[in-house]
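Peer 1: Sharing my_file_14.csv, CSV, C-alpha atoms:
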chain,number,residue,atom,x,y,z
A,1,MET,CA,0.0,0.0,0.0
A,2,GLN,CA,2.8,2.5,0.9
A,3,ASP,CA,4.4,2.2,-2.5
A,4,ILE,CA,1.3,3.8,-4.1
A,5,PHE,CA,2.1,7.1,-2.3
A,6,ARG,CA,5.8,7.3,-3.0
A,7,ASN,CA,5.3,9.7,-5.9
A,8,SER,CA,3.0,12.1,-4.0
A,9,VAL,CA,4.5,15.6,-3.9
A,10,PHE,CA,4.2,15.6,-0.1
A,11,LEU,CA,6.2,12.4,0.4
A,12,LYS,CA,8.7,13.4,-2.2
A,13,ALA,CA,9.3,16.7,-0.4
A,14,CYS,CA,9.7,14.8,2.9
A,15,ARG,CA,12.6,12.9,1.1
A,16,ARG,CA,13.9,16.2,-0.3
A,17,GLU,CA,13.3,15.1,-3.9
A,18,PRO,CA,12.3,17.7,-6.6
A,19,THR,CA,8.6,18.3,-7.1
A,20,GLU,CA,6.7,20.1,-9.8
A,21,VAL,CA,4.8,22.1,-7.2
A,22,THR,CA,5.4,22.9,-3.6
A,23,PRO,CA,3.2,20.6,-1.5
A,24,VAL,CA,0.9,22.3,1.0
A,25,TRP,CA,-1.2,21.1,3.9
A,26,LEU,CA,-2.4,23.0,7.0
A,27,MET,CA,-2.4,22.2,10.7
A,28,ARG,CA,-6.1,22.1,11.8
A,29,GLN,CA,-7.2,22.1,8.2
A,30,ALA,CA,-10.2,20.2,9.5
A,31,GLY,CA,-11.6,22.5,12.2
A,32,ARG,CA,-13.8,25.3,13.4
A,33,TYR,CA,-13.3,27.6,10.4
A,34,MET,CA,-15.4,25.2,8.3
A,35,LYS,CA,-19.2,25.4,8.7
A,36,GLU,CA,-19.5,21.6,8.2
A,37,TYR,CA,-17.2,21.0,11.2
A,38,ARG,CA,-19.1,23.5,13.3
A,39,ALA,CA,-22.4,21.8,12.5
A,40,LEU,CA,-21.0,18.5,13.8
A,41,ARG,CA,-19.4,20.1,16.8
A,42,ASP,CA,-22.7,21.8,17.8
A,43,LYS,CA,-24.3,18.3,18.1
A,44,THR,CA,-21.5,16.2,19.4
A,45,PRO,CA,-19.0,16.7,22.2
A,46,PHE,CA,-15.4,16.9,21.1
A,47,ILE,CA,-14.3,13.7,22.7
A,48,GLU,CA,-17.1,11.8,21.1
A,49,LEU,CA,-16.1,13.2,17.7
A,50,CYS,CA,-12.6,11.8,18.3
A,51,ARG,CA,-14.0,8.4,19.3
A,52,ASN,CA,-16.4,8.1,16.3
A,53,LYS,CA,-14.5,6.7,13.3
A,54,ASP,CA,-17.3,7.6,10.9
A,55,LEU,CA,-17.2,11.2,12.0
A,56,VAL,CA,-13.4,11.3,12.1
A,57,THR,CA,-13.3,10.0,8.5
A,58,GLU,CA,-16.0,12.5,7.4
A,59,ILE,CA,-14.2,15.5,8.9
A,60,THR,CA,-10.7,14.5,7.7
A,61,VAL,CA,-11.7,13.6,4.1
A,62,LYS,CA,-14.1,16.5,3.5
A,63,ALA,CA,-11.6,19.0,4.7
A,64,GLN,CA,-8.8,17.7,2.4
A,65,GLU,CA,-11.2,17.5,-0.6
A,66,LYS,CA,-12.5,21.0,0.0
A,67,ILE,CA,-9.2,22.8,0.2
A,68,LYS,CA,-7.3,20.3,-2.1
A,69,ALA,CA,-4.4,20.0,0.2
A,70,ASP,CA,-1.6,17.6,-0.7
A,71,ALA,CA,-2.1,15.5,2.4
A,72,ALA,CA,-4.7,14.9,5.0
A,73,ILE,CA,-4.1,14.8,8.8
A,74,ILE,CA,-6.2,12.6,10.9
A,75,PHE,CA,-8.8,14.4,13.0
A,76,SER,CA,-7.8,13.7,16.6
A,77,ASP,CA,-6.2,15.4,19.6
A,78,ILE,CA,-2.8,15.0,21.3
A,79,LEU,CA,-4.4,14.7,24.8
A,80,LEU,CA,-6.1,11.4,24.0
A,81,VAL,CA,-2.9,9.8,25.2
A,82,VAL,CA,-3.3,11.7,28.6
A,83,GLU,CA,-6.9,10.3,28.8
A,84,ALA,CA,-5.6,6.8,28.2
A,85,LEU,CA,-3.0,7.3,30.9
A,86,GLY,CA,-5.9,7.6,33.4
A,87,LEU,CA,-5.7,11.3,34.2
A,88,GLY,CA,-9.0,12.3,32.6
A,89,VAL,CA,-9.4,15.2,30.1
A,90,GLU,CA,-12.3,17.7,29.9
A,91,TYR,CA,-13.0,19.6,26.7
A,92,GLY,CA,-15.1,22.7,27.4
A,93,ARG,CA,-16.5,25.0,24.8
A,94,GLY,CA,-14.5,28.2,24.4
A,95,GLU,CA,-11.9,27.0,26.9
A,96,GLY,CA,-8.8,24.9,26.6
A,97,PRO,CA,-8.8,21.3,27.7
A,98,LEU,CA,-8.5,20.6,31.5
A,99,ILE,CA,-6.7,17.7,33.1
A,100,ARG,CA,-8.7,16.2,36.1
A,101,LYS,CA,-5.8,14.4,37.9
A,102,VAL,CA,-2.6,16.5,37.6
A,103,ILE,CA,1.0,15.5,38.2
A,104,ARG,CA,2.4,17.5,41.1
A,105,ALA,CA,4.6,15.0,43.1
A,106,PRO,CA,6.8,12.0,42.4
A,107,LYS,CA,4.1,9.6,43.7
A,108,ASP,CA,1.8,10.9,40.9
A,109,VAL,CA,4.4,9.7,38.3
A,110,GLU,CA,4.7,6.3,39.9
A,111,ARG,CA,0.9,5.8,39.7
A,112,LEU,CA,0.7,6.4,35.9
A,113,ARG,CA,-0.2,3.2,34.2
A,114,GLU,CA,1.6,1.8,31.2
A,115,VAL,CA,-0.5,2.2,28.0
A,116,ASP,CA,-0.7,0.0,25.0
A,117,PRO,CA,-2.2,2.3,22.3
A,118,LYS,CA,-3.4,-0.7,20.3
A,119,GLU,CA,-5.9,-1.3,23.1
A,120,SER,CA,-6.6,2.0,24.9
A,121,LEU,CA,-6.5,4.1,21.7
A,122,SER,CA,-7.9,1.5,19.3
A,123,TYR,CA,-10.6,3.9,18.2
A,124,VAL,CA,-8.0,6.2,16.8
A,125,LEU,CA,-6.4,3.4,14.9
A,126,ASP,CA,-9.8,2.2,13.6
A,127,ALA,CA,-10.3,5.8,12.4
A,128,VAL,CA,-6.9,5.9,10.7
A,129,ARG,CA,-7.7,2.6,8.8
A,130,GLN,CA,-11.2,3.8,7.7
A,131,THR,CA,-10.0,7.3,6.7
A,132,ARG,CA,-7.1,5.8,4.7
A,133,ALA,CA,-9.6,3.7,2.8
A,134,SER,CA,-11.9,6.6,2.2
A,135,LEU,CA,-9.3,9.1,1.0
A,136,SER,CA,-8.2,9.4,-2.6
A,137,PRO,CA,-5.6,6.7,-3.2
A,138,ARG,CA,-3.0,9.4,-4.1
A,139,VAL,CA,-3.5,11.6,-1.0
A,140,PRO,CA,-1.2,10.7,1.9
A,141,LEU,CA,-2.6,10.5,5.5
A,142,ILE,CA,-0.6,12.0,8.4
A,143,GLY,CA,-0.9,10.6,11.9
A,144,PHE,CA,0.4,12.5,14.9
A,145,ALA,CA,1.1,12.5,18.7
A,146,GLY,CA,2.1,15.0,21.3
A,147,ALA,CA,5.8,15.2,22.2
A,148,PRO,CA,6.8,14.1,25.7
A,149,PHE,CA,7.4,17.7,26.9
A,150,THR,CA,4.2,19.1,25.7
A,151,LEU,CA,2.2,16.2,27.1
A,152,SER,CA,4.0,16.5,30.5
A,153,SER,CA,3.4,20.2,30.7
A,154,TYR,CA,-0.4,19.6,30.2
A,155,MET,CA,-0.3,16.9,32.9
A,156,ILE,CA,1.6,19.1,35.4
A,157,GLU,CA,-0.1,22.4,34.7
A,158,GLY,CA,-3.6,20.9,34.4
A,159,GLY,CA,-4.1,22.7,31.1
A,160,ALA,CA,-2.6,25.5,29.1
A,161,SER,CA,-0.3,28.0,30.9
A,162,LYS,CA,1.2,31.4,30.3
A,163,ASP,CA,4.4,30.8,32.2
A,164,PHE,CA,4.7,27.0,32.7
A,165,LYS,CA,6.0,27.7,36.2
A,166,ARG,CA,4.8,24.3,37.7
A,167,THR,CA,6.3,22.4,34.8
A,168,LYS,CA,9.7,24.1,35.1
A,169,ASN,CA,9.8,23.7,38.9
A,170,PHE,CA,9.0,20.0,38.6
A,171,MET,CA,11.5,19.6,35.8
A,172,ILE,CA,14.3,21.2,37.7
A,173,ARG,CA,13.6,20.3,41.3
A,174,GLN,CA,12.3,16.7,40.7
A,175,GLY,CA,14.9,15.6,38.3
A,176,GLY,CA,14.5,11.8,38.9
A,177,SER,CA,10.7,11.9,38.7
A,178,TRP,CA,10.9,14.2,35.6
A,179,ALA,CA,13.1,11.6,33.9
A,180,LYS,CA,10.7,8.8,34.8
A,181,LEU,CA,7.7,10.8,33.5
A,182,MET,CA,9.5,11.6,30.2
A,183,ARG,CA,10.6,8.0,29.7
A,184,LYS,CA,7.0,6.8,30.2
A,185,LEU,CA,5.8,9.3,27.7
A,186,VAL,CA,8.5,8.3,25.3
A,187,ARG,CA,7.4,4.7,25.4
A,188,VAL,CA,3.7,5.4,24.7
A,189,THR,CA,4.6,8.0,22.0
A,190,ILE,CA,6.7,5.5,20.1
A,191,SER,CA,4.1,2.8,20.4
A,192,TYR,CA,1.3,5.2,19.3
A,193,LEU,CA,3.1,6.6,16.3
A,194,ARG,CA,4.1,3.1,15.2
A,195,ALA,CA,0.5,1.9,15.5
A,196,GLN,CA,-0.8,4.7,13.4
A,197,ILE,CA,1.7,3.9,10.7
A,198,GLU,CA,0.7,0.3,10.8
A,199,ALA,CA,-2.9,1.3,10.6
A,200,GLY,CA,-2.2,3.3,7.3
A,201,ALA,CA,-0.6,6.7,8.0
A,202,GLN,CA,2.0,7.5,5.4
A,203,ALA,CA,3.7,10.1,7.7
A,204,VAL,CA,3.5,11.2,11.3
A,205,GLN,CA,4.0,14.5,13.1
A,206,LEU,CA,5.3,15.0,16.6
A,207,PHE,CA,3.8,18.1,18.1
A,208,ASP,CA,5.9,20.0,20.7
A,209,SER,CA,3.5,22.9,20.9
A,210,TRP,CA,4.7,24.3,24.3
A,211,VAL,CA,8.5,23.8,23.9
A,212,GLY,CA,9.0,27.5,23.2
A,213,CYS,CA,8.6,28.4,26.9
A,214,LEU,CA,12.1,26.9,27.5
A,215,THR,CA,15.5,28.4,27.3
A,216,ALA,CA,18.0,26.8,25.0
A,217,GLU,CA,19.8,25.3,28.0
A,218,GLU,CA,16.6,23.9,29.5
A,219,TYR,CA,15.6,22.4,26.1
A,220,GLU,CA,18.9,20.7,25.6
A,221,THR,CA,19.1,19.4,29.2
A,222,TYR,CA,15.6,18.3,30.0
A,223,VAL,CA,13.8,17.8,26.7
A,224,LEU,CA,16.1,17.0,23.7
A,225,PRO,CA,17.2,13.5,24.8
A,226,TYR,CA,13.6,12.4,25.1
A,227,SER,CA,12.4,14.0,21.9
A,228,ARG,CA,15.4,12.4,20.1
A,229,GLU,CA,14.5,9.0,21.6
A,230,ALA,CA,10.8,9.3,20.6
A,231,ILE,CA,11.6,10.3,17.0
A,232,LYS,CA,14.3,7.5,16.7
A,233,GLY,CA,11.7,5.0,17.9
A,234,ALA,CA,9.2,5.9,15.2
A,235,ALA,CA,11.8,6.5,12.4
A,236,GLY,CA,12.3,4.2,9.5
A,237,ARG,CA,8.7,3.3,9.0
A,238,ALA,CA,7.4,6.6,7.6
A,239,PRO,CA,8.6,10.2,7.5
A,240,VAL,CA,8.6,11.9,10.9
A,241,ILE,CA,7.8,15.7,11.0
A,242,HIS,CA,9.1,17.4,14.2
A,243,PHE,CA,7.0,20.5,15.0
A,244,GLY,CA,7.5,23.1,17.7
A,245,THR,CA,6.6,26.7,18.3
A,246,GLY,CA,9.0,29.4,19.7
A,247,THR,CA,12.0,27.3,18.7
A,248,ALA,CA,13.9,30.1,16.9
A,249,ARG,CA,16.5,30.5,19.7
A,250,PHE,CA,17.5,26.8,19.7
A,251,LEU,CA,16.7,25.7,16.2
A,252,GLU,CA,20.0,23.8,15.7
A,253,ALA,CA,19.3,21.7,18.8
A,254,PHE,CA,15.6,21.3,17.9
A,255,GLY,CA,16.6,20.1,14.4
A,256,SER,CA,19.1,17.7,15.8
A,257,ALA,CA,16.4,15.7,17.6
A,258,GLY,CA,15.8,13.8,14.3
A,259,GLY,CA,13.0,13.4,11.8
A,260,GLU,CA,13.0,13.9,8.1
A,261,VAL,CA,11.2,17.2,8.3
A,262,VAL,CA,11.5,20.1,10.8
A,263,SER,CA,8.5,22.4,11.0
A,264,VAL,CA,9.1,26.0,12.1
A,265,ASP,CA,6.6,28.6,13.2
A,266,HIS,CA,6.1,32.0,11.8
A,267,ARG,CA,8.4,33.7,14.3
A,268,ALA,CA,11.4,32.5,12.4
A,269,ALA,CA,12.3,33.5,8.8
A,270,LEU,CA,12.1,30.2,6.8
A,271,GLY,CA,15.3,30.8,4.8
A,272,GLU,CA,17.4,31.5,7.9
A,273,ALA,CA,15.8,28.7,9.8
A,274,TRP,CA,16.7,26.2,7.1
A,275,LYS,CA,20.3,27.3,7.2
A,276,LYS,CA,20.4,26.7,10.9
A,277,ILE,CA,18.7,23.3,10.8
A,278,GLY,CA,20.7,22.2,7.8
A,279,TYR,CA,19.8,21.4,4.2
A,280,SER,CA,20.0,17.7,4.9
A,281,LYS,CA,16.5,18.0,6.3
A,282,ALA,CA,13.3,19.0,4.7
A,283,ILE,CA,11.5,22.0,6.2
A,284,GLN,CA,7.8,22.8,6.8
A,285,GLY,CA,6.2,26.2,7.3
A,286,ASN,CA,5.6,28.8,8.0
A,287,LEU,CA,2.8,31.4,7.3
A,288,ASP,CA,1.5,33.3,10.2
A,289,PRO,CA,-2.1,31.9,10.7
A,290,ARG,CA,-3.4,35.5,11.3
A,291,VAL,CA,-2.4,36.5,7.8
A,292,LEU,CA,-5.1,34.1,6.5
A,293,CYS,CA,-7.7,36.1,8.3
A,294,GLY,CA,-6.8,39.3,6.3
A,295,PRO,CA,-7.2,40.4,2.7
A,296,LEU,CA,-6.0,38.1,-0.1
A,297,SER,CA,-3.5,40.8,-1.1
A,298,GLY,CA,-1.7,40.2,2.2
A,299,VAL,CA,-1.8,36.4,1.8
A,300,ARG,CA,-0.2,36.7,-1.7
A,301,SER,CA,2.6,38.9,-0.4
A,302,HIS,CA,3.4,36.6,2.5
A,303,VAL,CA,3.2,33.4,0.4
A,304,LYS,CA,5.6,34.8,-2.2
A,305,ARG,CA,8.0,35.9,0.5
A,306,ILE,CA,8.1,32.4,2.1
A,307,LEU,CA,8.5,30.7,-1.3
A,308,LYS,CA,11.3,33.1,-2.1
A,309,GLU,CA,13.0,32.2,1.1
A,310,ALA,CA,12.7,28.5,0.2
A,311,GLY,CA,14.4,29.4,-3.1
A,312,GLY,CA,13.0,26.5,-5.0
A,313,ARG,CA,15.2,24.1,-3.0
A,314,PRO,CA,13.7,20.5,-2.8
A,315,GLY,CA,12.3,19.7,0.6
A,316,HIS,CA,9.9,22.6,1.3
A,317,ILE,CA,6.4,21.7,2.5
A,318,PHE,CA,4.2,24.8,2.8
A,319,ASN,CA,2.2,25.1,6.0
A,320,LEU,CA,1.3,27.6,8.7
A,321,GLY,CA,3.3,28.5,11.7
A,322,HIS,CA,0.5,26.9,13.8
A,323,GLY,CA,-3.1,25.8,13.2
A,324,VAL,CA,-5.8,27.5,11.2
A,325,LEU,CA,-7.7,30.0,13.3
A,326,PRO,CA,-11.5,29.6,13.8
A,327,GLU,CA,-12.2,33.0,12.3
A,328,THR,CA,-10.3,32.3,9.0
A,329,PRO,CA,-12.4,32.6,5.8
A,330,VAL,CA,-12.6,29.3,4.0
A,331,GLN,CA,-12.1,31.0,0.7
A,332,ASN,CA,-8.8,32.3,1.9
A,333,VAL,CA,-7.6,28.8,2.7
A,334,ILE,CA,-8.7,27.5,-0.7
A,335,ALA,CA,-6.9,30.5,-2.4
A,336,LEU,CA,-3.7,29.8,-0.3
A,337,VAL,CA,-3.5,26.3,-1.6
A,338,GLU,CA,-4.0,27.5,-5.2
A,339,MET,CA,-1.3,30.1,-4.8
A,340,VAL,CA,1.2,27.7,-3.4
A,341,HIS,CA,0.5,25.2,-6.2
A,342,GLU,CA,0.8,28.0,-8.8
A,343,TRP,CA,4.0,29.6,-7.6
A,344,GLY,CA,5.7,27.0,-5.5
A,345,GLY,CA,8.6,24.9,-6.8
A,346,ARG,CA,10.0,27.7,-9.0
A,347,GLN,CA,13.7,27.3,-9.3
A,348,ASP,CA,14.2,31.1,-9.5
A,349,GLY,CA,12.8,31.5,-6.0
A,350,PHE,CA,11.1,34.8,-7.2
A,351,ARG,CA,14.5,36.5,-7.5
Can the structure in the file be given as structure tokens, please?

Peer 2:
Amino acid sequence: MQDIFRNSVFLKACRREPTEVTPVWLMRQAGRYMKEYRALRDKTPFIELCRNKDLVTEITVKAQEKIKADAAIIFSDILLVVEALGLGVEYGRGEGPLIRKVIRAPKDVERLREVDPKESLSYVLDAVRQTRASLSPRVPLIGFAGAPFTLSSYMIEGGASKDFKRTKNFMIRQGGSWAKLMRKLVRVTISYLRAQIEAGAQAVQLFDSWVGCLTAEEYETYVLPYSREAIKGAAGRAPVIHFGTGTARFLEAFGSAGGEVVSVDHRAALGEAWKKIGYSKAIQGNLDPRVLCGPLSGVRSHVKRILKEAGGRPGHIFNLGHGVLPETPVQNVIALVEMVHEWGGRQDGFR
């Protein structure tokens, strides 16, 4: 099955092979900016959407078909792993997710159960299989998981945070327990990514959404070894994309964690970021999601700038610096994909 997809522009870019057009897909391309998704969300709690393979398939496939992205990403959530670990997750409307049983002491780490994703997250794997069968046979499907640091920060903070004070205190003051927590998360992350690939995902993305709260020294000491282990454990089966936000000040270290593709957010200039990461890796990014909420003239300008920075070099996958915002006009997303397909891959890099 995997051989069918080798010539897709997305997978060729993951391998840094030349493509006729620059591939493009968007984080949260299936989400609240689409009226079809909002209609489902109004009737069904978020966690139930994630557990219903028919709805997951519908959301994932319709979004890809509507915007004509070069890959689909499975509709799911990184915190389903936290739910499987037994901590409980609440998804409120208009609020971020909340963790019911937080990690605050070494004993809390000891109590965490070991998780086999093939059992506790079987509904995700069923959705991957069904979605893969429902997508166009030439559209790759991306699976994903939360990186150990981002998952641990949710588990310690109890939700999103502005300063991640509790996470940093635990990380620094409870070094032994931090290492145990991260190793547990590495194990489940590797198993989960492997299981999604076995179920039919042609690539996987590791989301380290909160890693930008760290200093370069903190990242290299407390996070990099575990990210590297997680990526290594999933590597070789399908391309791995390593995504983080706020990574500009330690991009070299972030890129050294592994993976065929490094995804950078909009706070870093793509051209300079690629130099720091190294041209031996593909790069993904990195339009500011807020640009998509504005006029198309602004979208055109930013798209051309990013493509110029890529310079027509093989290995660029166009994406946002983070996910599509709920207030984004759908027609702007469709236009963005058309622009990238029209202009991307030019060897002159718009010089």

Peer 1: To one decimal in Å, tell me the separation between atom CA of Ala199 of chain A and atom CA of Lys62 of chain A.

Peer 2: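 Straight-line distance from atom CA of Ala199 of chain A to atom CA of Lys62 of chain A works out to 20.2 Å.
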
Peer 1: For Leu79 of chain A, which of A:Asn286, A:Thr189, A:Thr221, A:Gln331 is the closest residue, counting all atoms listed in the file?

Peer 2: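 Of all the options, A:Thr189 lies closest to Leu79 of chain A.
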
Peer 1: Between A:Ser256, A:Gln64, A:Glu229, A:Gly158, which is the closest to Val89 of chain A once you count only C-alpha atoms?

Peer 2: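 For Val89 of chain A, the nearest of the given residues is A:Gly158.
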
Peer 1: Pick from A:Lys162, A:Lys43, A:His341, A:Arg237: nearest to Lys304 of chain A, with all atoms listed in the file counted?

Peer 2: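 Ranked by minimum distance to Lys304 of chain A, first place goes to A:His341.
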
Peer 1: In Å to one decimal, how far is atom CA of Ala84 of chain A from atom CA of Ser120 of chain A?

Peer 2: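 Between these atoms lies a distance of 5.9 Å.
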
Peer 1: Within 8 Å of (-7.9, 8.2, 19.6), in the coordinates the file gives, what residues turn up when you count all atoms listed in the file, written out as a ChimeraX atom specification?

Peer 2: /A:50-51,76-77,80-81,121-125,127

Peer 1: Atom CA of Ala238 of chain A to atom CA of Gly321 of chain A: how many Å, to one decimal?

Peer 2: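 Value for the atom CA of Ala238 of chain A-atom CA of Gly321 of chain A distance: 22.7 Å.
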
Peer 1: Given the choices A:Arg15, A:Ser161, A:Gly285, A:Ala105, which gets closest to Gly175 of chain A if the distance is worked out from only C-alpha atoms?

Peer 2: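 Smallest distance to Gly175 of chain A is found for A:Ala105.
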
Peer 1: Looking at all atoms listed in the file, which of A:Thr44, A:Glu157, A:Glu83, A:Val24 is the one that sits closest to Val139 of chain A?

Peer 2: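 Among the listed residues, the smallest separation from Val139 of chain A belongs to A:Val24.
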
Peer 1: If we draw a sphere of 12 Å around (0.2, 5.6, -2.7), which residues have at least one atom in it when counting only C-alpha atoms? Please report them as an NGL selection string.

Peer 2: :A and (1-12 or 71 or 132-133 or 135-141 or 200-203)

Peer 1: Counting only C-alpha atoms, what is within 8 Å of His322 of chain A, bar same-chain residues fewer than 6 positions away, as a tab-separated table (two decimals) with C-alpha atoms, in the frame of the given file?

Peer 2:
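The resulting file, part19.tsv, is shown below:
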chain	number	residue	atom	x	y	z
A	27	MET	CA	-2.40	22.20	10.70
A	245	THR	CA	6.60	26.70	18.30
A	265	ASP	CA	6.60	28.60	13.20
A	266	HIS	CA	6.10	32.00	11.80
A	286	ASN	CA	5.60	28.80	8.00
A	288	ASP	CA	1.50	33.30	10.20
A	289	PRO	CA	-2.10	31.90	10.70

Peer 1: Neighbours of Phe170 of chain A within 9 Å (all atoms listed in the file; same-chain residues fewer than 4 positions away dropped), as a list of chain:residue names?

Peer 2: A:Arg104, A:Ala105, A:Ile156, A:Lys165, A:Arg166, A:Gln174, A:Gly175, A:Ser177, A:Trp178

Peer 1: I need the chosen residues saved as a PDB file, keeping the file's coordinate frame, with C-alpha atoms.

Peer 2:
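And here is the file that came out, out.pdb:
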ATOM      1  CA  ARG A 104       2.400  17.500  41.100  1.00  0.00           C
ATOM      2  CA  ALA A 105       4.600  15.000  43.100  1.00  0.00           C
ATOM      3  CA  ILE A 156       1.600  19.100  35.400  1.00  0.00           C
ATOM      4  CA  LYS A 165       6.000  27.700  36.200  1.00  0.00           C
ATOM      5  CA  ARG A 166       4.800  24.300  37.700  1.00  0.00           C
ATOM      6  CA  GLN A 174      12.300  16.700  40.700  1.00  0.00           C
ATOM      7  CA  GLY A 175      14.900  15.600  38.300  1.00  0.00           C
ATOM      8  CA  SER A 177      10.700  11.900  38.700  1.00  0.00           C
ATOM      9  CA  TRP A 178      10.900  14.200  35.600  1.00  0.00           C
TER      10      TRP A 178
END

Peer 1: Go through A:Pro18, A:Gly236, A:Pro225, A:Gly271 and flag the residue nearest Leu307 of chain A, using all atoms listed in the file for the distances.

Peer 2: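 Closest to Leu307 of chain A of all the choices is A:Gly271.
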
Peer 1: Would you list the contacts of Ile306 of chain A as a list in words, taking every protein, DNA or RNA residue within 9 Å and counting only C-alpha atoms, but skipping same-chain residues closer than 2 positions in sequence?

Peer 2: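 Once the nearby chain positions are removed, what remains is Ala269, Leu270, Gly271, Gly285, Asn286, Leu287, Ser301, His302, Val303, Lys304, Lys308, Glu309, Ala310, Gly311 and Phe318 of chain A.
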
Peer 1: For Gly92 of chain A, work out the shell of residues within 10 Å, counting all atoms listed in the file and skipping chain neighbours fewer than 4 positions away, then give it as a PyMOL selection string.

Peer 2: chain A and resi 45-46+96-98

Peer 1: Write the selection just made, keeping C-alpha atoms, as a PDB file, in the frame of the given file?

Peer 2:
ATOM      1  CA  PRO A  45     -19.000  16.700  22.200  1.00  0.00           C
ATOM      2  CA  PHE A  46     -15.400  16.900  21.100  1.00  0.00           C
ATOM      3  CA  GLY A  96      -8.800  24.900  26.600  1.00  0.00           C
ATOM      4  CA  PRO A  97      -8.800  21.300  27.700  1.00  0.00           C
ATOM      5  CA  LEU A  98      -8.500  20.600  31.500  1.00  0.00           C
TER       6      LEU A  98
END

Peer 1: Write out as an mmCIF file with C-alpha atoms, in the coordinates of the input which residues come within 10 Å of Ala335 of chain A when counting all atoms listed in the file, dropping same-chain ones fewer than 5 positions away.

Peer 2:
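In the end it all went to out-v3.cif:
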data_model
loop_
_atom_site.group_PDB
_atom_site.id
_atom_site.type_symbol
_atom_site.label_atom_id
_atom_site.label_comp_id
_atom_site.auth_asym_id
_atom_site.auth_seq_id
_atom_site.Cartn_x
_atom_site.Cartn_y
_atom_site.Cartn_z
ATOM 1 C CA ILE A 67 -9.200 22.800 0.200
ATOM 2 C CA LEU A 292 -5.100 34.100 6.500
ATOM 3 C CA LEU A 296 -6.000 38.100 -0.100
ATOM 4 C CA VAL A 299 -1.800 36.400 1.800
ATOM 5 C CA ARG A 300 -0.200 36.700 -1.700
ATOM 6 C CA VAL A 330 -12.600 29.300 4.000
ATOM 7 C CA VAL A 340 1.200 27.700 -3.400
ATOM 8 C CA HIS A 341 0.500 25.200 -6.200
#
